[in-house]
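Visitor: Next comes the structure file start33.cif, holding mmCIF, C-alpha atoms.
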data_input
#
loop_
_atom_site.label_atom_id
_atom_site.label_comp_id
_atom_site.auth_asym_id
_atom_site.auth_seq_id
_atom_site.Cartn_x
_atom_site.Cartn_y
_atom_site.Cartn_z
CA MET A 286 10.63 -6.31 -28.66
CA ARG A 287 11.74 -3.59 -26.25
CA ILE A 288 10.55 -3.23 -22.63
CA VAL A 289 11.28 -0.30 -20.32
CA ALA A 290 11.02 -1.15 -16.62
CA ASP A 291 11.38 0.59 -13.28
CA GLN A 292 14.65 -0.75 -11.89
CA ALA A 293 13.22 -0.93 -8.35
CA ILE A 294 10.68 -3.63 -9.24
CA PRO A 295 12.00 -6.77 -7.51
CA PHE A 296 12.37 -10.24 -9.01
CA LEU A 297 12.20 -8.82 -12.56
CA LYS A 298 15.76 -8.77 -13.87
CA GLY A 299 16.49 -11.69 -16.14
CA VAL A 300 12.86 -12.69 -16.62
CA PHE A 301 12.21 -11.08 -20.01
CA GLU A 302 15.79 -11.01 -21.30
CA PRO A 303 15.43 -14.25 -23.33
CA TYR A 304 12.56 -12.66 -25.25
CA ALA A 305 13.17 -8.92 -25.36
CA GLU A 306 15.58 -6.05 -24.91
CA VAL A 307 14.93 -4.70 -21.42
CA ILE A 308 15.97 -1.22 -20.28
CA TYR A 309 15.94 -0.56 -16.53
CA LYS A 310 15.76 2.98 -15.13
CA LYS A 311 14.69 4.73 -11.95
CA GLY A 312 10.94 5.14 -12.16
CA GLY A 313 10.97 8.90 -11.73
CA GLU A 314 13.60 9.28 -14.45
CA ILE A 315 11.83 7.37 -17.24
CA GLY A 316 11.24 9.94 -19.97
CA PRO A 317 9.87 10.24 -23.51
CA ASP A 318 13.18 9.31 -25.13
CA ASP A 319 13.22 6.05 -23.17
CA VAL A 320 9.75 4.93 -24.24
CA ARG A 321 9.63 6.26 -27.79
CA GLU A 322 10.62 2.89 -29.28
CA ALA A 323 9.40 0.72 -26.42
CA ASP A 324 6.63 -1.82 -26.88
CA ALA A 325 5.86 -2.21 -23.19
CA LEU A 326 6.33 -0.30 -19.95
CA ILE A 327 6.53 -1.92 -16.50
CA THR A 328 6.03 0.66 -13.77
CA ARG A 329 5.48 1.48 -10.15
CA THR A 330 3.81 4.66 -8.88
CA ARG A 331 6.87 6.84 -9.51
CA THR A 332 6.41 6.95 -13.30
CA ARG A 333 3.70 9.36 -14.43
CA CYS A 334 2.21 7.72 -17.52
CA ASP A 335 0.44 10.43 -19.50
CA ALA A 336 0.64 12.31 -22.78
CA ALA A 337 3.86 14.05 -21.74
CA LEU A 338 5.57 10.67 -21.49
CA LEU A 339 3.77 8.59 -24.10
CA GLU A 340 2.85 10.93 -26.97
CA GLY A 341 4.53 9.64 -30.13
CA SER A 342 5.72 6.41 -28.54
CA GLN A 343 4.95 2.91 -29.73
CA VAL A 344 4.02 1.62 -26.26
CA LYS A 345 1.21 -0.90 -26.53
CA ILE A 346 0.80 -1.97 -22.91
CA ILE A 347 1.59 -0.57 -19.46
CA ALA A 348 1.81 -3.12 -16.66
CA SER A 349 1.98 -1.58 -13.20
CA ALA A 350 3.23 -3.80 -10.37
CA THR A 351 1.00 -1.86 -7.98
CA ILE A 352 -2.60 -1.81 -6.79
CA GLY A 353 -3.20 1.83 -7.69
CA THR A 354 -3.39 3.37 -11.14
CA ASP A 355 -3.56 7.05 -10.17
CA HIS A 356 -0.10 7.52 -11.74
CA ILE A 357 -1.57 6.55 -15.13
CA ASP A 358 -3.81 8.73 -17.28
CA LEU A 359 -6.29 5.95 -18.02
CA ASP A 360 -8.49 8.01 -20.33
CA TRP A 361 -5.56 9.11 -22.47
CA CYS A 362 -4.19 5.57 -22.69
CA ASP A 363 -7.60 4.21 -23.65
CA ALA A 364 -8.05 6.86 -26.33
CA HIS A 365 -4.64 6.00 -27.78
CA GLY A 366 -5.01 2.24 -27.71
CA ILE A 367 -2.63 1.54 -24.85
CA LEU A 368 -3.71 -1.36 -22.66
CA VAL A 369 -3.25 -0.81 -18.92
CA ARG A 370 -2.96 -3.61 -16.40
CA ASN A 371 -2.39 -3.26 -12.66
CA ALA A 372 -1.79 -5.75 -9.86
CA ALA A 373 -5.09 -5.47 -8.01
CA GLY A 374 -4.84 -6.79 -4.47
CA CYS A 375 -1.16 -7.67 -4.74
CA ASN A 376 -0.11 -6.05 -1.46
CA ALA A 377 -3.36 -6.46 0.50
CA GLY A 378 -1.77 -8.88 2.93
CA GLY A 379 1.16 -6.57 3.54
CA VAL A 380 -1.03 -3.55 4.25
CA MET A 381 -3.23 -5.63 6.56
CA GLU A 382 -0.11 -6.69 8.43
CA TYR A 383 1.06 -3.09 8.71
CA VAL A 384 -2.28 -1.89 10.09
CA ILE A 385 -2.66 -4.68 12.66
CA CYS A 386 0.98 -4.47 13.79
CA ALA A 387 0.76 -0.68 14.08
CA ILE A 388 -2.37 -0.87 16.23
CA TYR A 389 -0.82 -3.32 18.67
CA ALA A 390 2.57 -1.59 18.69
CA VAL A 391 1.22 1.87 19.52
CA ALA A 392 -1.29 0.45 22.00
CA SER A 393 1.53 -1.35 23.77
CA ARG A 394 3.70 1.78 23.89
CA LYS A 395 0.85 3.96 25.18
CA ALA A 396 -0.74 1.34 27.48
CA ILE A 397 -4.07 1.41 25.62
CA LYS A 398 -6.38 -1.55 26.15
CA LEU A 399 -7.80 -2.88 22.88
CA ALA A 400 -10.46 -5.19 24.29
CA GLY A 401 -13.91 -4.26 22.99
CA LYS A 402 -12.60 -1.68 20.53
CA THR A 403 -14.32 -1.02 17.21
CA ILE A 404 -12.29 -0.63 14.02
CA GLY A 405 -13.89 1.47 11.29
CA ILE A 406 -12.64 0.50 7.83
CA ILE A 407 -13.18 3.10 5.12
CA GLY A 408 -12.80 1.44 1.73
CA VAL A 409 -13.49 -2.29 1.73
CA GLY A 410 -11.71 -3.54 -1.36
CA HIS A 411 -8.89 -6.07 -1.36
CA VAL A 412 -7.08 -4.46 1.58
CA GLY A 413 -10.12 -3.44 3.60
CA LYS A 414 -11.64 -6.92 3.37
CA TRP A 415 -8.42 -8.47 4.67
CA VAL A 416 -8.17 -5.98 7.54
CA ASP A 417 -11.80 -6.72 8.42
CA SER A 418 -11.27 -10.49 8.43
CA VAL A 419 -8.17 -10.45 10.63
CA ALA A 420 -9.51 -7.75 12.96
CA ARG A 421 -12.65 -9.79 13.68
CA ARG A 422 -10.58 -12.91 14.35
CA LEU A 423 -8.61 -10.89 16.87
CA GLY A 424 -11.83 -9.95 18.66
CA PHE A 425 -12.41 -6.44 17.35
CA LYS A 426 -15.80 -5.21 16.26
CA THR A 427 -15.72 -3.75 12.76
CA LEU A 428 -17.72 -1.16 10.86
CA LEU A 429 -17.44 -0.98 7.08
CA CYS A 430 -17.97 2.06 4.86
CA ASP A 431 -17.75 1.65 1.10
CA PRO A 432 -20.43 3.62 -0.80
CA PRO A 433 -19.66 2.10 -4.24
CA ARG A 434 -19.92 -1.43 -2.87
CA ALA A 435 -23.05 -0.59 -0.85
CA GLU A 436 -24.69 0.81 -3.97
CA ALA A 437 -23.74 -2.22 -6.06
CA GLU A 438 -24.41 -4.93 -3.46
CA GLY A 439 -27.03 -3.38 -1.20
CA PRO A 440 -26.60 -1.64 2.16
CA PHE A 441 -26.49 -4.76 4.36
CA GLY A 442 -23.15 -4.98 6.15
CA PHE A 443 -22.17 -1.38 5.39
CA CYS A 444 -22.72 1.86 7.28
CA SER A 445 -22.53 5.55 6.50
CA LEU A 446 -19.33 7.51 6.98
CA ASP A 447 -20.92 9.59 9.75
CA GLU A 448 -21.99 6.47 11.64
CA LEU A 449 -18.55 4.92 11.31
CA LEU A 450 -16.72 8.02 12.52
CA ALA A 451 -19.04 8.46 15.49
CA GLN A 452 -18.71 4.86 16.69
CA SER A 453 -15.16 3.76 15.82
CA ASP A 454 -12.26 3.69 18.26
CA ILE A 455 -9.86 3.12 15.36
CA VAL A 456 -10.35 4.57 11.87
CA THR A 457 -8.27 3.14 9.03
CA MET A 458 -8.28 4.40 5.44
CA HIS A 459 -8.18 2.06 2.44
CA VAL A 460 -9.73 4.07 -0.38
CA PRO A 461 -8.34 4.65 -3.88
CA LEU A 462 -7.31 8.16 -4.86
CA ASP A 463 -9.84 9.79 -7.17
CA ASP A 464 -11.98 12.90 -7.37
CA THR A 465 -14.35 11.58 -4.69
CA THR A 466 -11.63 10.80 -2.14
CA ARG A 467 -9.05 13.55 -2.65
CA GLY A 468 -9.10 15.65 0.53
CA MET A 469 -11.98 13.66 2.05
CA VAL A 470 -10.23 13.54 5.44
CA SER A 471 -11.00 17.14 6.33
CA THR A 472 -11.81 19.26 9.36
CA ALA A 473 -15.42 18.05 9.17
CA PHE A 474 -14.20 14.44 9.03
CA PHE A 475 -12.10 14.81 12.18
CA ARG A 476 -14.87 16.64 14.04
CA LYS A 477 -17.05 13.57 13.66
CA MET A 478 -14.47 11.18 15.11
CA LYS A 479 -14.56 10.06 18.74
CA PRO A 480 -12.10 11.83 21.03
CA GLY A 481 -9.06 9.62 21.50
CA ALA A 482 -9.73 7.53 18.39
CA PHE A 483 -6.80 6.15 16.40
CA PHE A 484 -6.35 7.43 12.83
CA ILE A 485 -4.45 5.36 10.25
CA ASN A 486 -3.71 6.26 6.64
CA ALA A 487 -2.04 3.62 4.50
CA SER A 488 -3.85 4.37 1.24
CA ARG A 489 -2.84 7.66 -0.43
CA GLY A 490 -1.52 10.83 1.15
CA GLU A 491 -3.71 13.13 -0.92
CA ILE A 492 -6.90 11.91 0.74
CA VAL A 493 -5.88 13.81 3.90
CA ASP A 494 -5.88 17.57 4.44
CA ASP A 495 -2.64 18.01 6.40
CA GLU A 496 -3.73 21.26 8.05
CA ALA A 497 -6.93 19.63 9.26
CA LEU A 498 -4.94 16.69 10.61
CA LEU A 499 -2.55 18.93 12.52
CA LYS A 500 -5.44 20.80 14.13
CA ALA A 501 -7.20 17.54 15.03
CA ILE A 502 -4.23 15.72 16.57
CA PRO A 503 -4.73 17.12 20.10
CA LYS A 504 -8.21 15.56 20.09
CA LEU A 505 -7.18 12.26 18.50
CA GLY A 506 -5.51 9.22 19.96
CA PRO A 507 -2.55 7.62 18.16
CA VAL A 508 -2.01 8.70 14.56
CA ILE A 509 -0.24 6.38 12.12
CA ILE A 510 0.76 7.67 8.69
CA ASP A 511 2.40 5.73 5.89
CA THR A 512 1.29 7.75 2.85
CA TRP A 513 1.91 11.47 2.53
CA ASN A 514 1.04 14.54 0.55
CA HIS A 515 3.81 15.66 -1.83
CA GLU A 516 5.88 12.50 -1.56
CA PRO A 517 8.82 12.30 -1.20
CA ASP A 518 8.78 15.79 0.36
CA VAL A 519 7.06 15.03 3.63
CA ASP A 520 5.79 17.91 5.77
CA PRO A 521 8.04 17.80 8.88
CA ARG A 522 5.24 19.22 11.04
CA VAL A 523 3.08 16.20 10.29
CA MET A 524 5.93 13.75 10.83
CA ASP A 525 6.75 15.31 14.20
CA ALA A 526 3.12 15.25 15.30
CA VAL A 527 2.21 11.63 14.52
CA ASP A 528 2.93 8.51 16.54
CA ILE A 529 4.16 6.26 13.74
CA ALA A 530 5.60 7.64 10.50
CA THR A 531 6.78 5.37 7.70
CA PRO A 532 7.84 6.09 4.08
CA HIS A 533 4.98 4.51 2.08
CA ILE A 534 6.04 0.93 2.79
CA ALA A 535 2.84 -0.52 4.28
CA GLY A 536 2.49 -2.89 1.35
CA TYR A 537 6.17 -3.80 1.16
CA SER A 538 5.89 -7.43 2.13
CA TYR A 539 7.87 -10.13 0.38
CA GLN A 540 4.67 -11.81 -0.77
CA GLY A 541 3.19 -8.50 -1.94
CA LYS A 542 6.20 -7.81 -4.13
CA GLN A 543 6.10 -11.33 -5.53
CA ASN A 544 2.42 -10.84 -6.36
CA GLY A 545 2.95 -7.44 -7.98
CA THR A 546 5.83 -8.55 -10.18
CA SER A 547 3.99 -11.74 -11.10
CA ALA A 548 0.94 -9.78 -12.23
CA ALA A 549 3.02 -7.40 -14.36
CA VAL A 550 5.03 -10.19 -15.99
CA ARG A 551 1.96 -12.27 -16.74
CA ALA A 552 0.17 -9.28 -18.28
CA ILE A 553 3.07 -8.60 -20.66
CA ALA A 554 3.54 -12.30 -21.41
CA HIS A 555 -0.11 -12.85 -22.34
CA TYR A 556 -0.23 -9.72 -24.46
CA PHE A 557 2.80 -10.71 -26.54
CA GLY A 558 2.24 -14.47 -26.46
CA ILE A 559 5.30 -15.42 -24.37
CA ALA A 560 3.90 -18.77 -23.26
CA PRO A 561 6.74 -19.79 -20.85
CA LEU A 562 5.84 -16.76 -18.68
CA TYR A 563 2.06 -17.16 -18.62
CA GLU A 564 2.16 -18.58 -15.07
CA PHE A 565 5.29 -16.80 -13.87
CA TYR A 566 5.72 -16.40 -10.12
CA PRO A 567 9.01 -15.38 -8.46
CA PRO A 568 10.55 -18.15 -6.36
CA THR A 569 10.98 -17.55 -2.63
CA GLU A 570 14.73 -17.39 -2.15
CA PHE A 571 14.93 -18.37 1.52
CA PRO A 572 12.56 -20.32 3.83
CA GLU A 573 12.51 -17.47 6.34
CA ASN A 574 10.77 -15.30 3.72
CA GLU A 575 7.76 -17.61 3.52
CA ALA A 576 4.52 -16.28 5.00
CA VAL A 577 4.02 -17.48 8.56
CA LYS A 578 0.84 -18.77 10.15
CA LEU A 579 0.10 -17.26 13.56
CA ASP A 580 -2.36 -18.55 16.13
CA PHE A 581 -3.54 -15.94 18.64
CA ARG A 582 -6.18 -18.01 20.42
CA ASP A 583 -6.25 -17.57 24.20
CA MET A 584 -3.45 -14.97 24.10
CA THR A 585 -3.36 -11.69 26.00
CA GLN A 586 -2.99 -8.38 24.21
CA GLY A 587 0.62 -8.20 25.38
CA GLU A 588 1.42 -11.64 24.04
CA ILE A 589 -0.12 -10.79 20.67
CA ALA A 590 1.82 -7.52 20.55
CA SER A 591 5.09 -9.33 21.28
CA ILE A 592 4.56 -11.85 18.49
CA LEU A 593 3.56 -9.18 16.00
CA SER A 594 6.53 -7.03 16.95
CA TYR A 595 8.87 -9.96 16.42
CA ASN A 596 7.42 -10.64 12.97
CA TYR A 597 7.38 -6.93 12.02
CA PRO A 598 9.12 -4.40 14.30
CA ILE A 599 7.31 -1.39 12.90
CA TYR A 600 9.04 1.11 15.16
CA THR A 601 12.31 0.29 13.39
CA ASP A 602 10.81 1.64 10.16
CA ASP A 603 9.55 4.68 12.06
CA PHE A 604 13.00 5.30 13.60
CA MET A 605 14.88 4.98 10.31
CA PHE A 606 12.50 7.39 8.59
CA ARG A 607 12.68 10.01 11.35
CA LEU A 608 16.47 9.70 11.40
CA ASN A 609 16.64 11.03 7.85
CA PRO A 610 13.31 12.11 6.31
CA SER A 611 15.05 13.13 3.08
CA SER A 612 15.91 9.46 2.49
CA PHE A 613 12.26 8.68 1.66
CA GLU A 614 12.97 7.18 -1.76
CA GLN A 615 16.16 5.43 -0.65
CA LEU A 616 14.36 3.75 2.26
CA ARG A 617 11.72 2.49 -0.16
CA SER A 618 14.11 1.28 -2.86
CA GLU A 619 16.40 -0.46 -0.36
CA TYR A 620 13.64 -1.81 1.88
CA ARG A 621 14.10 -5.30 3.22
CA TYR A 622 10.73 -6.86 2.45
CA ARG A 623 9.09 -8.40 5.49
CA ARG A 624 7.20 -11.68 5.42
CA GLU A 625 3.43 -11.64 5.86
CA PHE A 626 1.48 -13.45 8.54
CA TYR A 627 -1.87 -15.11 8.18
CA ILE A 628 -4.44 -16.67 10.49
CA ASP A 629 -6.32 -19.86 9.68
#
Show this structure as structure tokens.
Guide:
Amino acid sequence: MRIVADQAIPFLKGVFEPYAEVIYKKGGEIGPDDVREADALITRTRTRCDAALLEGSQVKIIASATIGTDHIDLDWCDAHGILVRNAAGCNAGGVMEYVICAIYAVASRKAIKLAGKTIGIIGVGHVGKWVDSVARRLGFKTLLCDPPRAEAEGPFGFCSLDELLAQSDIVTMHVPLDDTTRGMVSTAFFRKMKPGAFFINASRGEIVDDEALLKAIPKLGPVIIDTWNHEPDVDPRVMDAVDIATPHIAGYSYQGKQNGTSAAVRAIAHYFGIAPLYEFYPPTEFPENEAVKLDFRDMTQGEIASILSYNYPIYTDDFMFRLNPSSFEQLRSEYRYRREFYID
């Protein structure tokens, strides 16, 4: 058996070697010649899995160690008998951590009081649900907008996009990228937001119209961007205009990477009947990488901000990115995964 894998996927090397030949390459450099005789492909978002890559190959399964599948032509794979598995929810805790830490960090820097603020969460899947849970425990009010869930489950607990934008002091995006969300954050979207409201995008860059964002920034409060149009070629005008800029690392927690690799390995193992790997989970190498429980009861905003900053100093990521924007991919591939926090 032959497996081709993105070399940047952590905790993977050595796992399949007793059972298969494994070829590791940079995700963006995996080409048709690499996969022609491969039985399985383990990817991240940097490998475009479509006819141009897969036509004529013997790939039977693609396992992506990521939440999203927009880098995979699902219809083509289905039509050609290629099974696709992703790691749904794997980095939800990491993205939640990013969003909460970013809110407190920028509020601290700009002396913005967070008491009584309302967070509007657009897209309430794995990530959005986690953001909602932690935000409410921290005393925020939350508004939830997720039309597919509202249609499937009923409208109770959800609101319209217009209502959310009009009432939220902080708007955070957690939608998948598809035909309904591409470019949804437009001039009309920003017009409906409250003056001074935060805007956070840690989902996909293509959901935002950059020109509309640049025009709206004078009206908005802090803007926090982790995902960008045309990655890794980030528009310098947008980077210069926002308050926190990071290179698509919101989900880069240690636990998130363990979860993503585990899901990919288990998918391949079950498909090919490699029983010793059915329950594979990467070991935590050092105790300091374990997720940490935090208790914010009876703490001031400043005290919470200090603890969050100690656990994840987000402005360090912002500084390193601004120092050399062309190092987008290097910063991601060499990122030191941070531990997640959780609240009982």
Visitor: What are the nearest atom pairs, with distances in Å to one decimal, for all residues of stretch 367-475 of chain A that come at most 10 Å from stretch 505-520 of chain A, using only C-alpha atoms, set out by chain and rising residue number as a tab-separated table?
Guide:
residue	atom	partner	partner_atom	distance
A:Tyr383	CA	A:Asp511	CA	9.4
A:Val384	CA	A:Ile509	CA	8.8
A:Ala387	CA	A:Ile509	CA	7.4
A:Ile388	CA	A:Ile509	CA	8.6
A:Val391	CA	A:Pro507	CA	7.0
A:Ala392	CA	A:Pro507	CA	8.2
A:Lys395	CA	A:Pro507	CA	8.6
A:Ile397	CA	A:Gly506	CA	9.8
A:Asp454	CA	A:Gly506	CA	8.9
A:Ile455	CA	A:Gly506	CA	8.8
A:Val456	CA	A:Val508	CA	9.7
A:Thr457	CA	A:Ile509	CA	9.2
A:Phe475	CA	A:Leu505	CA	8.4
Visitor: Evaluating the PyMOL selection byres ((chain A and resi 620) around 12) on the displayed file yields which residues, as a list in words?
Guide: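 So the PyMOL selection byres ((chain A and resi 620) around 12), applied here, picks out Ala293, Ile294, Pro295, Thr531, Pro532, His533, Ile534, Ala535, Gly536, Tyr537, Ser538, Tyr539, Lys542, Thr601, Asp602, Met605, Phe606, Ser612, Phe613, Glu614, Gln615, Leu616, Arg617, Ser618, Glu619, Arg621, Tyr622 and Arg623 of chain A.
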Visitor: Could the residues in this selection be saved with C-alpha atoms as a PDB file, in the coordinates of the input?
Guide:
ATOM      1  CA  ALA A 293      13.220  -0.930  -8.350  1.00  0.00           C
ATOM      2  CA  ILE A 294      10.680  -3.630  -9.240  1.00  0.00           C
ATOM      3  CA  PRO A 295      12.000  -6.770  -7.510  1.00  0.00           C
ATOM      4  CA  THR A 531       6.780   5.370   7.700  1.00  0.00           C
ATOM      5  CA  PRO A 532       7.840   6.090   4.080  1.00  0.00           C
ATOM      6  CA  HIS A 533       4.980   4.510   2.080  1.00  0.00           C
ATOM      7  CA  ILE A 534       6.040   0.930   2.790  1.00  0.00           C
ATOM      8  CA  ALA A 535       2.840  -0.520   4.280  1.00  0.00           C
ATOM      9  CA  GLY A 536       2.490  -2.890   1.350  1.00  0.00           C
ATOM     10  CA  TYR A 537       6.170  -3.800   1.160  1.00  0.00           C
ATOM     11  CA  SER A 538       5.890  -7.430   2.130  1.00  0.00           C
ATOM     12  CA  TYR A 539       7.870 -10.130   0.380  1.00  0.00           C
ATOM     13  CA  LYS A 542       6.200  -7.810  -4.130  1.00  0.00           C
ATOM     14  CA  THR A 601      12.310   0.290  13.390  1.00  0.00           C
ATOM     15  CA  ASP A 602      10.810   1.640  10.160  1.00  0.00           C
ATOM     16  CA  MET A 605      14.880   4.980  10.310  1.00  0.00           C
ATOM     17  CA  PHE A 606      12.500   7.390   8.590  1.00  0.00           C
ATOM     18  CA  SER A 612      15.910   9.460   2.490  1.00  0.00           C
ATOM     19  CA  PHE A 613      12.260   8.680   1.660  1.00  0.00           C
ATOM     20  CA  GLU A 614      12.970   7.180  -1.760  1.00  0.00           C
ATOM     21  CA  GLN A 615      16.160   5.430  -0.650  1.00  0.00           C
ATOM     22  CA  LEU A 616      14.360   3.750   2.260  1.00  0.00           C
ATOM     23  CA  ARG A 617      11.720   2.490  -0.160  1.00  0.00           C
ATOM     24  CA  SER A 618      14.110   1.280  -2.860  1.00  0.00           C
ATOM     25  CA  GLU A 619      16.400  -0.460  -0.360  1.00  0.00           C
ATOM     26  CA  ARG A 621      14.100  -5.300   3.220  1.00  0.00           C
ATOM     27  CA  TYR A 622      10.730  -6.860   2.450  1.00  0.00           C
ATOM     28  CA  ARG A 623       9.090  -8.400   5.490  1.00  0.00           C
TER      29      ARG A 623
END
Visitor: Starting from the displayed file, determine the output of the PyMOL selection byres ((chain A and resi 318-323) around 10) and express the residue list as a VMD selection string.
Guide: chain A and resid 286 to 290 306 to 310 314 to 317 324 to 326 338 to 346
Visitor: When distances are computed from all atoms listed in the file, which of A:Ala530, A:Ala336, A:Ala350, A:Ile485 shows the smallest separation from A:Gly312?
Guide: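 Closest candidate: A:Ala350.
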Visitor: In Å, how far is it from atom CA of A:Asp629 to atom CA of A:Thr585?
Guide: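 Interatomic distance, atom CA of A:Asp629 to atom CA of A:Thr585: 18.5 Å.
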Visitor: Would you mind reading off the distance between atom CA of A:Asp463 and atom CA of A:Leu429, one decimal, in Å?
Guide: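 It comes out at 19.4 Å.
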Visitor: What residues have an atom no more than 10 Å from (-4.0, 18.0, 5.8) in the file's own frame, counting all atoms listed in the file, and can you write them as a list in words?
Guide: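 Those within range, by chain then number, are Gly468, Met469, Val470, Ser471, Thr472, Gly490, Glu491, Ile492, Val493, Asp494, Asp495, Glu496, Ala497, Leu498, Leu499, Lys500, Ala501, Trp513, Asn514, Asp520 and Val523 of chain A.
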Visitor: Report as a PyMOL selection string the full result of the PyMOL selection byres ((chain A and resi 424) around 12) when it is applied to this structure.
Guide: chain A and resi 399-404+417-423+425-427+581-586+589
Visitor: In Å, how far is it from atom CA of A:Phe474 to atom CA of A:Leu359?
Guide: 29.4 Å
Visitor: Which polymer residues, whether protein, DNA or RNA, lie within 12 Å of the coordinate (-13.8, 10.8, 22.4) when you count only C-alpha atoms? List them as a PyMOL selection string, using the chain letters and numbers from the file.
Guide: chain A and resi 450-455+475-483+501+503-506
Visitor: Counting all atoms listed in the file, which residue out of A:Ala373, A:Gly353, A:Val550, A:Lys414 sits closest to A:Lys298?
Guide: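 The shortest atom-to-atom distance to A:Lys298 comes from A:Val550.
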